[in-house]
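Q: Have a peek at work.cif (mmCIF, C-alpha atoms and all ligand atoms).
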data_structure
loop_
_atom_site.label_atom_id
_atom_site.label_comp_id
_atom_site.auth_asym_id
_atom_site.auth_seq_id
_atom_site.Cartn_x
_atom_site.Cartn_y
_atom_site.Cartn_z
CA MET O 1 78.75 229.32 62.14
CA SER O 2 76.45 231.99 63.51
CA ALA O 3 73.45 231.24 65.69
CA GLY O 4 71.16 232.04 62.77
CA ASP O 5 72.45 229.28 60.51
CA ALA O 6 73.17 226.70 63.21
CA PRO O 7 71.53 223.35 62.43
CA ASN O 8 68.38 222.35 64.23
CA HIS O 9 70.11 220.13 66.73
CA ALA O 10 67.60 217.36 67.42
CA ARG O 11 69.36 214.63 69.35
CA ARG O 12 67.95 211.14 69.12
CA ARG O 13 70.91 209.01 70.15
CA PRO O 14 73.62 209.05 72.80
CA SER O 15 76.82 210.83 71.86
CA LEU O 16 80.12 209.05 71.34
CA LYS O 17 81.39 211.56 73.92
CA ASP O 18 78.99 210.30 76.58
CA HIS O 19 81.30 207.34 77.15
CA ALA O 20 84.90 207.14 78.32
CA ARG O 21 87.05 204.89 76.17
CA GLY O 22 86.63 201.76 78.31
CA ALA O 23 82.83 202.09 78.24
CA LEU O 24 82.81 202.83 74.52
CA ARG O 25 84.91 199.73 73.82
CA GLN O 26 82.31 197.76 75.74
CA ARG O 27 79.39 199.32 73.78
CA PHE O 28 81.18 198.50 70.54
CA ALA O 29 81.91 194.92 71.59
CA GLU O 30 78.22 194.45 72.52
CA ARG O 31 77.33 195.37 68.93
CA GLY O 32 79.95 193.07 67.46
CA TRP O 33 82.23 195.91 66.37
CA PRO O 34 85.98 195.63 67.08
CA ALA O 35 86.71 197.31 70.40
CA TYR O 36 89.90 198.91 69.05
CA ARG O 37 87.70 201.05 66.79
CA ALA O 38 86.63 202.89 69.97
CA ASP O 39 90.28 203.82 70.55
CA GLN O 40 90.54 205.13 66.97
CA ILE O 41 87.41 207.20 67.49
CA ALA O 42 88.82 208.67 70.71
CA THR O 43 91.92 209.74 68.78
CA TRP O 44 89.78 211.38 66.11
CA LEU O 45 87.52 213.17 68.58
CA TYR O 46 90.05 214.33 71.14
CA LYS O 47 93.40 214.49 69.33
CA GLN O 48 92.32 215.34 65.76
CA ASP O 49 89.28 217.38 66.80
CA ALA O 50 86.99 215.61 64.32
CA THR O 51 83.37 216.76 64.42
CA ALA O 52 81.84 214.23 62.00
CA LEU O 53 82.20 210.51 61.33
CA GLU O 54 83.03 211.24 57.65
CA GLN O 55 86.34 212.73 58.82
CA MET O 56 87.39 209.41 60.43
CA THR O 57 88.96 208.03 57.29
CA ASN O 58 90.60 204.98 58.84
CA LEU O 59 87.17 203.55 59.71
CA PRO O 60 85.40 201.47 57.03
CA ALA O 61 82.44 203.31 55.48
CA ASP O 62 79.91 200.65 56.51
CA LEU O 63 81.11 200.83 60.13
CA ARG O 64 80.87 204.64 60.04
CA ASP O 65 77.27 204.29 58.84
CA ALA O 66 76.44 201.79 61.58
CA ILE O 67 78.03 204.00 64.25
CA GLY O 68 76.14 206.99 62.88
CA GLU O 69 72.85 205.15 63.35
CA ALA O 70 73.65 204.37 66.98
CA PHE O 71 75.51 207.49 68.14
CA GLU O 72 75.61 211.24 67.66
CA VAL O 73 78.96 213.03 67.46
CA GLU O 74 78.25 216.67 68.34
CA THR O 75 76.04 217.64 71.29
CA LEU O 76 76.23 221.45 71.41
CA VAL O 77 76.30 224.35 68.98
CA VAL O 78 77.93 227.69 69.77
CA GLU O 79 75.19 230.29 69.76
CA GLN O 80 77.22 233.28 70.87
CA THR O 81 80.78 234.13 71.89
CA GLN O 82 81.56 237.26 73.88
CA ALA O 83 85.05 238.67 74.37
CA SER O 84 85.93 240.84 77.37
CA ILE O 85 88.45 243.63 77.23
CA ASP O 86 90.53 241.57 79.71
CA GLY O 87 90.68 238.64 77.24
CA THR O 88 88.07 236.49 78.98
CA ARG O 89 85.76 234.78 76.51
CA LYS O 90 82.34 233.48 77.24
CA LEU O 91 80.58 230.89 75.10
CA LEU O 92 76.83 230.54 75.08
CA LEU O 93 76.08 227.02 73.86
CA ARG O 94 72.79 225.50 72.80
CA ALA O 95 71.89 221.85 73.37
CA PHE O 96 69.63 219.58 71.29
CA ASP O 97 66.54 220.57 73.31
CA GLY O 98 67.19 224.31 73.06
CA ALA O 99 68.70 224.50 76.56
CA ARG O 100 71.43 227.12 76.87
CA ILE O 101 74.55 226.75 78.93
CA GLU O 102 77.75 228.71 79.36
CA ALA O 103 81.47 228.09 79.43
CA VAL O 104 84.03 230.79 80.24
CA LEU O 105 87.62 230.76 78.98
CA ILE O 106 90.04 232.83 81.05
CA PRO O 107 93.54 233.55 79.73
CA GLU O 108 96.20 234.15 82.34
CA GLU O 109 99.93 234.64 82.15
CA ARG O 110 101.00 231.14 81.19
CA ARG O 111 97.72 229.31 81.17
CA HIS O 112 94.20 229.14 79.83
CA THR O 113 91.53 228.13 82.34
CA LEU O 114 88.09 226.98 81.27
CA CYS O 115 85.06 227.06 83.54
CA VAL O 116 82.42 224.52 82.49
CA SER O 117 78.76 223.97 83.38
CA THR O 118 77.30 220.67 84.58
CA GLN O 119 73.57 221.36 84.69
CA VAL O 120 71.02 223.47 82.84
CA GLY O 121 70.23 225.91 85.63
CA CYS O 122 70.71 224.69 89.20
CA PRO O 123 68.33 223.44 91.90
CA LEU O 124 70.30 224.90 94.80
CA THR O 125 69.08 228.54 94.66
CA CYS O 126 72.09 230.18 96.29
CA SER O 127 70.83 233.69 96.89
CA PHE O 128 73.84 235.47 95.32
CA CYS O 129 73.91 233.41 92.12
CA ALA O 130 72.48 234.20 88.69
CA THR O 131 72.20 230.49 87.83
CA GLY O 132 70.19 229.83 90.98
CA ALA O 133 67.66 232.37 89.66
CA LEU O 134 67.21 230.29 86.48
CA GLY O 135 65.77 227.28 88.31
CA PHE O 136 66.71 223.74 87.34
CA THR O 137 65.97 222.09 83.99
CA ARG O 138 68.17 219.00 83.70
CA ASN O 139 71.60 217.47 84.11
CA LEU O 140 74.11 217.77 81.27
CA SER O 141 75.34 214.55 79.70
CA ALA O 142 79.03 213.67 79.84
CA GLY O 143 79.21 214.49 76.13
CA GLU O 144 77.77 217.95 76.71
CA ILE O 145 80.39 218.61 79.39
CA VAL O 146 83.22 217.35 77.17
CA ASP O 147 81.92 219.35 74.19
CA GLN O 148 82.28 222.60 76.17
CA VAL O 149 85.98 221.77 76.47
CA LEU O 150 86.32 220.96 72.77
CA HIS O 151 84.55 224.15 71.66
CA ALA O 152 86.66 226.28 74.02
CA ARG O 153 89.91 224.58 72.96
CA ARG O 154 89.30 225.89 69.43
CA LEU O 155 89.55 229.44 70.82
CA VAL O 156 93.00 228.93 72.36
CA PRO O 157 95.73 230.49 70.19
CA ALA O 158 97.92 228.14 68.12
CA GLY O 159 100.98 226.98 70.06
CA GLU O 160 99.20 227.34 73.40
CA SER O 161 96.93 224.91 75.15
CA LEU O 162 94.03 224.68 77.50
CA THR O 163 95.83 224.10 80.79
CA ASN O 164 93.25 224.19 83.58
CA LEU O 165 89.65 223.17 83.94
CA VAL O 166 87.26 224.17 86.69
CA PHE O 167 83.76 222.78 87.21
CA MET O 168 82.39 226.06 88.54
CA GLY O 169 79.88 227.10 85.86
CA MET O 170 76.15 226.57 85.90
CA GLY O 171 74.94 223.79 88.18
CA GLU O 172 76.08 221.75 91.17
CA PRO O 173 78.51 219.11 89.80
CA LEU O 174 77.95 216.66 92.64
CA LEU O 175 74.24 216.48 91.85
CA ASN O 176 75.28 215.16 88.43
CA LEU O 177 78.10 212.94 89.61
CA PRO O 178 77.77 209.98 87.16
CA ASN O 179 78.05 212.26 84.11
CA VAL O 180 80.69 214.50 85.70
CA SER O 181 82.74 211.40 86.57
CA GLU O 182 82.51 210.02 83.02
CA ALA O 183 83.53 213.42 81.61
CA ILE O 184 86.54 213.50 83.96
CA ARG O 185 87.58 210.01 82.74
CA ILE O 186 87.57 211.31 79.15
CA LEU O 187 89.40 214.50 80.13
CA VAL O 188 92.27 212.71 81.91
CA ASP O 189 92.55 209.74 79.52
CA PRO O 190 95.97 209.93 77.80
CA LYS O 191 94.17 208.90 74.59
CA GLY O 192 91.39 211.38 75.34
CA LEU O 193 91.98 215.03 76.18
CA ALA O 194 94.98 214.09 78.35
CA LEU O 195 94.54 216.83 80.95
CA ALA O 196 96.54 216.35 84.14
CA PRO O 197 94.09 215.52 86.98
CA ARG O 198 95.80 218.07 89.24
CA ARG O 199 94.76 220.73 86.70
CA ILE O 200 91.07 219.91 87.19
CA THR O 201 89.04 221.37 90.05
CA VAL O 202 85.46 220.40 90.86
CA SER O 203 83.50 222.80 93.01
CA THR O 204 80.62 221.88 95.29
CA ALA O 205 78.27 223.84 97.51
CA GLY O 206 78.72 220.94 99.95
CA VAL O 207 76.85 217.84 98.75
CA LEU O 208 78.58 215.86 101.45
CA PRO O 209 77.72 212.25 100.51
CA GLN O 210 79.13 212.69 97.01
CA ILE O 211 82.52 214.16 97.97
CA ALA O 212 84.28 210.83 98.66
CA PRO O 213 82.93 209.21 95.43
CA LEU O 214 84.19 212.23 93.47
CA LEU O 215 87.66 211.95 94.99
CA ASP O 216 87.66 208.28 93.92
CA VAL O 217 87.32 209.16 90.21
CA ALA O 218 90.78 210.70 89.75
CA PRO O 219 93.25 212.75 91.82
CA ILE O 220 91.51 216.00 90.91
CA HIS O 221 91.14 218.97 93.26
CA LEU O 222 88.07 219.76 95.32
CA ALA O 223 86.70 223.25 95.83
CA VAL O 224 84.00 224.10 98.35
CA SER O 225 81.79 227.18 98.03
CA LEU O 226 82.08 228.44 101.60
CA HIS O 227 80.95 232.09 101.46
CA ALA O 228 80.15 232.34 105.19
CA THR O 229 81.64 231.47 108.55
CA THR O 230 78.38 230.90 110.44
CA ASP O 231 75.42 228.63 109.71
CA GLU O 232 73.12 231.60 110.19
CA VAL O 233 74.56 233.46 107.18
CA ARG O 234 75.40 230.38 105.10
CA ASP O 235 71.84 229.07 105.46
CA VAL O 236 70.74 232.13 103.51
CA LEU O 237 73.56 232.36 100.96
CA VAL O 238 73.84 228.59 100.31
CA PRO O 239 70.55 226.98 101.39
CA LEU O 240 72.10 223.49 101.05
CA ASN O 241 73.79 224.39 104.35
CA ARG O 242 70.52 223.58 106.12
CA ARG O 243 70.95 219.97 105.01
CA PHE O 244 74.71 219.75 105.55
CA PRO O 245 75.68 222.42 108.10
CA LEU O 246 79.21 223.75 108.48
CA ALA O 247 80.27 221.51 111.39
CA GLU O 248 79.19 218.37 109.53
CA LEU O 249 80.81 219.44 106.26
CA MET O 250 84.09 220.54 107.86
CA GLY O 251 84.20 217.40 110.00
CA ALA O 252 83.95 215.21 106.90
CA LEU O 253 86.70 217.18 105.13
CA ARG O 254 88.90 216.96 108.22
CA ARG O 255 88.56 213.16 108.19
CA GLU O 256 89.06 212.74 104.41
CA PRO O 257 92.38 210.87 104.02
CA ARG O 258 92.94 211.83 100.37
CA LEU O 259 93.22 215.53 101.15
CA ASN O 260 96.65 216.82 102.09
CA ARG O 261 98.88 219.87 101.66
CA ARG O 262 99.56 218.93 98.03
CA ARG O 263 95.90 218.19 97.43
CA PRO O 264 94.19 220.85 99.56
CA VAL O 265 90.57 221.95 99.48
CA PHE O 266 90.06 225.28 97.74
CA PHE O 267 87.53 227.25 99.74
CA GLU O 268 85.74 229.83 97.60
CA TYR O 269 84.69 232.88 99.57
CA THR O 270 82.70 235.50 97.66
CA LEU O 271 82.91 238.74 99.63
CA MET O 272 79.63 240.64 99.89
CA GLU O 273 79.34 244.04 101.46
CA GLY O 274 77.88 243.97 104.95
CA VAL O 275 77.07 240.24 104.70
CA ASN O 276 80.26 238.22 105.20
CA ASP O 277 83.09 240.76 105.04
CA SER O 278 83.63 241.61 108.71
CA LEU O 279 86.82 241.14 110.70
CA GLU O 280 84.82 238.73 112.90
CA ASP O 281 84.29 236.58 109.79
CA ALA O 282 88.00 236.73 109.01
CA ARG O 283 88.83 235.72 112.59
CA ARG O 284 86.34 232.84 112.60
CA MET O 285 87.65 231.32 109.39
CA PRO O 286 90.93 229.82 110.72
CA ARG O 287 89.00 228.11 113.52
CA LEU O 288 86.44 226.80 111.03
CA LEU O 289 89.10 225.38 108.70
CA ALA O 290 91.44 224.10 111.43
CA GLY O 291 92.79 220.64 110.59
CA ILE O 292 91.78 220.81 106.91
CA PRO O 293 94.50 221.23 104.26
CA ALA O 294 93.07 224.44 102.84
CA LYS O 295 93.58 227.29 100.44
CA VAL O 296 91.13 230.18 100.51
CA ASN O 297 90.15 232.05 97.35
CA VAL O 298 88.65 235.41 98.21
CA ILE O 299 86.52 236.78 95.37
CA PRO O 300 84.83 240.17 95.62
CA MET O 301 81.19 239.78 94.51
CA ASN O 302 80.60 240.33 90.80
CA PRO O 303 77.36 242.34 91.02
CA HIS O 304 74.50 241.41 88.69
CA ALA O 305 70.82 242.14 88.35
CA ASP O 306 69.75 238.75 89.77
CA ALA O 307 71.21 239.22 93.25
CA PRO O 308 70.87 241.91 95.89
CA TYR O 309 74.52 241.92 96.96
CA ARG O 310 77.44 244.21 96.22
CA PRO O 311 81.21 243.89 96.53
CA PRO O 312 82.85 245.60 99.51
CA SER O 313 85.26 248.49 98.95
CA SER O 314 88.85 247.65 97.99
CA ALA O 315 89.95 248.68 101.48
CA VAL O 316 87.60 246.17 103.10
CA VAL O 317 88.66 243.44 100.66
CA ASP O 318 92.33 244.11 101.44
CA ARG O 319 91.71 244.22 105.20
CA PHE O 320 89.80 240.93 105.09
CA THR O 321 92.45 239.18 102.99
CA ALA O 322 95.27 240.50 105.18
CA ALA O 323 93.53 239.21 108.31
CA LEU O 324 93.36 235.71 106.81
CA HIS O 325 97.05 235.90 105.86
CA GLU O 326 97.99 237.00 109.36
CA ALA O 327 96.05 234.07 110.78
CA GLY O 328 98.30 231.74 108.78
CA LEU O 329 95.86 230.72 106.04
CA ARG O 330 96.99 230.28 102.45
CA VAL O 331 94.95 232.94 100.65
CA THR O 332 94.53 234.12 97.07
CA LEU O 333 92.61 237.25 96.17
CA ARG O 334 90.88 236.78 92.82
CA ARG O 335 89.68 239.92 91.13
CA ASP O 336 86.74 239.11 88.91
CA ARG O 337 87.19 238.68 85.18
CA GLY O 338 84.97 239.53 82.25
CA ARG O 339 82.70 241.87 84.14
CA ASP O 340 81.86 243.65 80.86
CA ILE O 341 80.53 240.41 79.32
CA ASP O 342 78.23 239.11 82.08
CA ALA O 343 80.87 236.58 83.11
CA ALA O 344 79.31 235.78 86.49
CA CYS O 345 77.89 232.29 86.19
CA GLY O 346 74.42 232.18 84.66
CA GLN O 347 74.28 235.81 83.65
CA LEU O 348 74.55 235.40 79.89
CA ALA O 349 72.04 232.54 79.70
CA ASN O 350 69.74 234.53 81.96
CA ARG O 351 69.92 237.56 79.73
CA VAL O 352 69.35 235.58 76.53
CA ALA O 353 66.49 233.63 78.13
CA ALA O 354 64.89 236.87 79.22
CA ALA O 355 65.38 238.66 75.91
CA PRO O 356 62.18 237.66 74.06
CA SER O 357 59.88 238.52 76.97
CA THR O 358 58.70 241.93 78.02
CA ALA O 359 61.11 243.23 80.63
CA PRO O 360 59.36 243.56 84.01
CA ASP O 361 61.67 246.33 85.11
CA SER O 362 60.72 249.05 82.70
CA VAL O 363 59.87 250.80 85.94
CA PRO O 364 63.28 251.39 87.55
CA GLY O 365 63.88 248.81 90.27
CA ALA O 366 60.73 246.75 89.55
CA GLY O 367 61.41 243.02 89.37
CA ARG O 368 64.82 243.47 91.01
CA PRO O 369 65.69 241.06 93.80
CA THR O 370 65.94 242.35 97.31
CA ARG O 371 68.45 241.18 99.88
CA PRO O 372 67.06 238.27 101.90
CA ASP O 373 65.59 239.82 105.01
CA SER O 374 67.41 237.47 107.38
CA LEU O 375 70.51 239.45 106.51
CA GLN O 376 68.56 242.49 107.60
CA GLY O 377 65.92 240.74 109.74
CA PRO O 378 63.67 237.69 109.05
CA LEU O 379 64.38 235.48 106.01
CA ALA O 380 62.61 236.41 102.79
CA GLY O 381 63.38 236.73 99.10
CA ASN O 382 64.65 233.15 98.80
CA ARG O 383 62.54 230.58 97.02
CA TRP O 384 63.75 227.97 99.45
CA GLY O 385 62.37 229.52 102.59
CA PRO O 386 62.61 228.98 106.34
CA GLY O 387 59.68 226.55 106.34
CA ASP O 388 61.89 224.28 104.25
CA ALA O 389 64.71 224.21 106.82
CA GLY O 390 66.38 220.83 106.76
CA ALA O 391 64.61 219.78 103.57
CA LEU O 392 65.84 220.03 100.01
CA PRO O 393 63.89 220.32 96.78
CA PRO O 394 62.86 216.73 95.87
CA ALA O 395 65.35 216.39 92.98
CA VAL O 396 68.18 217.49 95.26
CA GLU O 397 67.10 215.30 98.15
CA ALA O 398 67.16 212.24 95.89
CA HIS O 399 70.81 212.88 95.02
CA ALA O 400 71.96 214.22 98.35
CA LEU O 401 70.61 211.34 100.38
CA ARG O 402 72.01 208.65 98.13
CA ASP O 403 74.70 206.58 99.88
CA ARG O 404 73.98 208.08 103.26
S1 LIG O 501 76.34 229.00 93.33
FE1 LIG O 501 76.56 227.02 92.28
S2 LIG O 501 75.37 225.60 93.58
FE2 LIG O 501 74.68 227.66 94.14
S3 LIG O 501 72.89 228.09 92.82
FE3 LIG O 501 74.73 228.88 91.76
S4 LIG O 501 75.36 227.23 90.40
FE4 LIG O 501 73.99 226.32 91.95
#
Show this structure as structure tokens.
Ligand code: SF4

A:
Amino acid sequence: MSAGDAPNHARRRPSLKDHARGALRQRFAERGWPAYRADQIATWLYKQDATALEQMTNLPADLRDAIGEAFEVETLVVEQTQASIDGTRKLLLRAFDGARIEAVLIPEERRHTLCVSTQVGCPLTCSFCATGALGFTRNLSAGEIVDQVLHARRLVPAGESLTNLVFMGMGEPLLNLPNVSEAIRILVDPKGLALAPRRITVSTAGVLPQIAPLLDVAPIHLAVSLHATTDEVRDVLVPLNRRFPLAELMGALRREPRLNRRRPVFFEYTLMEGVNDSLEDARRMPRLLAGIPAKVNVIPMNPHADAPYRPPSSAVVDRFTAALHEAGLRVTLRRDRGRDIDAACGQLANRVAAAPSTAPDSVPGAGRPTRPDSLQGPLAGNRWGPGDAGALPPAVEAHALRDR
């Protein structure tokens, strides 16, 4: 179905996919419907890939009608799919309220990895991130997270399967923990999507109070967007650092008993020219991560129009990675994928959102972001400025302070 003839997706009811099987059984029992019907529905949705109640032929017609009055089935429509020359595919999906989100499917040698979004936009305004430039609209429901997986699974060639899932798309997953948790329960349920928990990685910018509750959900992996080795630089790149500075975050990870060599933390480190790519940074990192079971993923910056940073030269990338290796860290160098299809998080939605308006940069360079001045001098160019040090936007504060 093309975007032009996609149905007007007005959602009035919760989705069947908003609930893991246990919760759905409970909802059904509350309505006087047999709980085992929830198990049958899970089989239809996640094993048979049904997209409408009419396809669930082992359910009585009157029950299908009653379920249809209480629940939606589908939550997202595919508005656009882009294919990169390297095989990466990016889905632009539209929700019932017109919100657009992205999911990126990355084929590798023996696996297919999907990157999913958890929010429409993001409140955290990391200064290198296209999604941060979108601002924050709302959290995605569990059903909207699960539907990204179902839509992407249809793109995987017959005989192969979706093997890995990373929560690294648009949004900060730990600011939407209840829905992310429910989606994970559906994803790992043997009668649901039956993904192995160790194949799921959830990434956070460092919402410290929500890390332990996330690790309670299932034995999934944790990734932390590190991107700097000093508070001075990380305060600018990841403003959440002002609320949970490096020493506090690393201390909590060091004390977390569920992390070990088999379940390490993946530290994401996006290399940006002249910002965080020095040998001093490479030398500081082992000290910073000491005592934490860690793997470091070094990712040269994928440049885009919404951020003022560039990737370092290949020589600098190699020198940086080698220095981490020599210091005894487990390191992976990830070259970016799908550069020709705007595959950096938030780029496609940004471009589509911007399309109807008059472009501000018809004058070359106008409307382009500039590098925050604190990386050249005093802080500027970041919507979350120095006067806000220690404070978060209200929506973030409400989540981040919970359980503290
Ligand atoms: S990097 Fe992640 S946490 Fe930061 S603004 Fe982008 S989506 Fe949000």

Q: What are the nearest atom pairs, with distances in Å to one decimal, for all residues of chain O that come at most 6 Å from ligand LIG 501 (chain O), using all atoms listed in the file, set out by chain and rising residue number as a Markdown table?

A:
| residue | atom | partner | partner_atom | distance |
| --- | --- | --- | --- | --- |
| O:Cys122 | CA | O:LIG501 | FE4 | 4.6 |
| O:Leu124 | CA | O:LIG501 | S3 | 4.6 |
| O:Thr125 | CA | O:LIG501 | S3 | 4.3 |
| O:Cys126 | CA | O:LIG501 | S3 | 4.1 |
| O:Cys129 | CA | O:LIG501 | FE3 | 4.6 |
| O:Thr131 | CA | O:LIG501 | FE3 | 4.9 |
| O:Gly132 | CA | O:LIG501 | S3 | 3.7 |
| O:Met170 | CA | O:LIG501 | S4 | 4.6 |
| O:Gly171 | CA | O:LIG501 | S4 | 4.1 |
| O:Glu172 | CA | O:LIG501 | S2 | 4.6 |
| O:Ala205 | CA | O:LIG501 | S2 | 5.2 |

Q: By how many Å are atom CA of Ile211 of chain O and atom CA of Leu259 of chain O apart?

A: 11.2 Å

Q: Using all atoms listed in the file, determine which residues lie at most 7 Å from Asn297 of chain O, disregarding the query and same-chain residues fewer than 5 positions distant; provide the list as a list in words.

A: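 In the requested format, the answer is Phe266, Phe267, Glu268, Tyr269, Val331, Thr332, Leu333 and Arg334 of chain O.
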
Q: Considering all atoms listed in the file, state which residue in the set O:Asp97, O:Glu273, O:Asp65, O:Asp147 is at the smallest distance from Leu187 of chain O.

A: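 The shortest atom-to-atom distance to Leu187 of chain O comes from O:Asp147.
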
Q: Set the distance at 12 Å and use all atoms listed in the file: which residues neighbour segment 315-330 of chain O once local chain neighbours fewer than 3 positions away are removed? I'd like the list as a PDB file with C-alpha atoms, in the coordinates of the input.

A:
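The result, written out as around_28.pdb:
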ATOM      1  CA  ARG O 261      98.880 219.870 101.660  1.00  0.00           C
ATOM      2  CA  PRO O 264      94.190 220.850  99.560  1.00  0.00           C
ATOM      3  CA  VAL O 265      90.570 221.950  99.480  1.00  0.00           C
ATOM      4  CA  PHE O 266      90.060 225.280  97.740  1.00  0.00           C
ATOM      5  CA  PHE O 267      87.530 227.250  99.740  1.00  0.00           C
ATOM      6  CA  TYR O 269      84.690 232.880  99.570  1.00  0.00           C
ATOM      7  CA  THR O 270      82.700 235.500  97.660  1.00  0.00           C
ATOM      8  CA  LEU O 271      82.910 238.740  99.630  1.00  0.00           C
ATOM      9  CA  MET O 272      79.630 240.640  99.890  1.00  0.00           C
ATOM     10  CA  GLU O 273      79.340 244.040 101.460  1.00  0.00           C
ATOM     11  CA  GLY O 274      77.880 243.970 104.950  1.00  0.00           C
ATOM     12  CA  ASN O 276      80.260 238.220 105.200  1.00  0.00           C
ATOM     13  CA  ASP O 277      83.090 240.760 105.040  1.00  0.00           C
ATOM     14  CA  SER O 278      83.630 241.610 108.710  1.00  0.00           C
ATOM     15  CA  LEU O 279      86.820 241.140 110.700  1.00  0.00           C
ATOM     16  CA  GLU O 280      84.820 238.730 112.900  1.00  0.00           C
ATOM     17  CA  ASP O 281      84.290 236.580 109.790  1.00  0.00           C
ATOM     18  CA  ALA O 282      88.000 236.730 109.010  1.00  0.00           C
ATOM     19  CA  ARG O 283      88.830 235.720 112.590  1.00  0.00           C
ATOM     20  CA  ARG O 284      86.340 232.840 112.600  1.00  0.00           C
ATOM     21  CA  MET O 285      87.650 231.320 109.390  1.00  0.00           C
ATOM     22  CA  PRO O 286      90.930 229.820 110.720  1.00  0.00           C
ATOM     23  CA  ARG O 287      89.000 228.110 113.520  1.00  0.00           C
ATOM     24  CA  LEU O 288      86.440 226.800 111.030  1.00  0.00           C
ATOM     25  CA  LEU O 289      89.100 225.380 108.700  1.00  0.00           C
ATOM     26  CA  ALA O 290      91.440 224.100 111.430  1.00  0.00           C
ATOM     27  CA  GLY O 291      92.790 220.640 110.590  1.00  0.00           C
ATOM     28  CA  ILE O 292      91.780 220.810 106.910  1.00  0.00           C
ATOM     29  CA  PRO O 293      94.500 221.230 104.260  1.00  0.00           C
ATOM     30  CA  ALA O 294      93.070 224.440 102.840  1.00  0.00           C
ATOM     31  CA  LYS O 295      93.580 227.290 100.440  1.00  0.00           C
ATOM     32  CA  VAL O 296      91.130 230.180 100.510  1.00  0.00           C
ATOM     33  CA  ASN O 297      90.150 232.050  97.350  1.00  0.00           C
ATOM     34  CA  VAL O 298      88.650 235.410  98.210  1.00  0.00           C
ATOM     35  CA  ILE O 299      86.520 236.780  95.370  1.00  0.00           C
ATOM     36  CA  PRO O 300      84.830 240.170  95.620  1.00  0.00           C
ATOM     37  CA  MET O 301      81.190 239.780  94.510  1.00  0.00           C
ATOM     38  CA  PRO O 311      81.210 243.890  96.530  1.00  0.00           C
ATOM     39  CA  PRO O 312      82.850 245.600  99.510  1.00  0.00           C
ATOM     40  CA  LEU O 333      92.610 237.250  96.170  1.00  0.00           C
ATOM     41  CA  ARG O 334      90.880 236.780  92.820  1.00  0.00           C
ATOM     42  CA  ARG O 335      89.680 239.920  91.130  1.00  0.00           C
TER      43      ARG O 335
END

Q: Find the distance between atom CA of Val78 of chain O and atom CA of Asn179 of chain O and write it in Å to one decimal.

A: 21.1 Å

Q: Around (91.4, 227.8, 78.9) in the file's own coordinates, what residues are found within 10 Å if you use only C-alpha atoms, given back as number ranges by chain?

A: O: 88-89, 103-108, 111-115, 149, 152-156, 160-166

Q: How many Å separate atom CA of Ala38 of chain O from atom CA of Leu177 of chain O?

A: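 The value is 23.7 Å.
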
Q: Smallest atom-to-atom distance to Arg21 of chain O: which of O:Phe136, O:Phe96, O:Phe167, O:Tyr36, using only C-alpha atoms?

A: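 Among the listed residues, the smallest separation from Arg21 of chain O belongs to O:Tyr36.
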
Q: Name the closest residue to Trp33 of chain O among the candidates O:Gly169, O:Pro60, O:Gly251, O:Gly98; distances are taken between atoms, counting all atoms listed in the file.

A: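 Closest to Trp33 of chain O, using all atoms listed in the file: O:Pro60.
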
Q: Per residue of segment 208-229 of chain O within 7 Å of segment 189-202 of chain O, which atom pair is closest and at what distance in Å (one decimal), using only C-alpha atoms, listed by chain and increasing number, as JSON lines?

A:
{"residue": "O:Ala218", "atom": "CA", "partner": "O:Pro197", "partner_atom": "CA", "distance": 6.5}
{"residue": "O:Pro219", "atom": "CA", "partner": "O:Pro197", "partner_atom": "CA", "distance": 5.6}
{"residue": "O:Ile220", "atom": "CA", "partner": "O:Pro197", "partner_atom": "CA", "distance": 4.7}
{"residue": "O:His221", "atom": "CA", "partner": "O:Thr201", "partner_atom": "CA", "distance": 4.5}
{"residue": "O:Leu222", "atom": "CA", "partner": "O:Val202", "partner_atom": "CA", "distance": 5.2}
{"residue": "O:Ala223", "atom": "CA", "partner": "O:Val202", "partner_atom": "CA", "distance": 5.9}

Q: Considering all atoms listed in the file, can you say which of O:Gln210, O:Thr43, O:Thr229, O:Ser15 comes closest to Leu253 of chain O?

A: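 Selected residue with least distance to Leu253 of chain O: O:Gln210.
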
Q: Smallest atom-to-atom distance to Thr137 of chain O: which of O:Arg110, O:His151, O:His227, O:Arg100, using only C-alpha atoms?

A: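 Checking each candidate against Thr137 of chain O, we get O:Arg100 as the closest.
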
Q: Neighbours of Leu237 of chain O within 10 Å (all atoms listed in the file; same-chain residues fewer than 4 positions away dropped), as a PyMOL selection string?

A: chain O and resi 125-129+226-228+231-233+241+275-276+372+375+382

Q: Starting from the sparse input, extend segment 67-71 of chain O to N, CA and C atoms and give the output as a PDB file, in the coordinates of the input.

A:
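Written out: out.pdb:
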ATOM      1  N   ILE O  67      77.802 203.167  63.044  1.00  0.00           N
ATOM      2  CA  ILE O  67      78.030 204.000  64.250  1.00  0.00           C
ATOM      3  C   ILE O  67      77.119 205.221  64.216  1.00  0.00           C
ATOM      4  N   GLY O  68      76.985 205.799  63.030  1.00  0.00           N
ATOM      5  CA  GLY O  68      76.140 206.990  62.880  1.00  0.00           C
ATOM      6  C   GLY O  68      74.678 206.732  63.208  1.00  0.00           C
ATOM      7  N   GLU O  69      74.236 205.476  62.999  1.00  0.00           N
ATOM      8  CA  GLU O  69      72.850 205.150  63.350  1.00  0.00           C
ATOM      9  C   GLU O  69      72.668 204.976  64.849  1.00  0.00           C
ATOM     10  N   ALA O  70      73.747 204.631  65.534  1.00  0.00           N
ATOM     11  CA  ALA O  70      73.650 204.370  66.980  1.00  0.00           C
ATOM     12  C   ALA O  70      74.058 205.562  67.838  1.00  0.00           C
ATOM     13  N   PHE O  71      74.936 206.408  67.315  1.00  0.00           N
ATOM     14  CA  PHE O  71      75.510 207.490  68.140  1.00  0.00           C
ATOM     15  C   PHE O  71      75.515 208.810  67.387  1.00  0.00           C
TER      16      PHE O  71
END
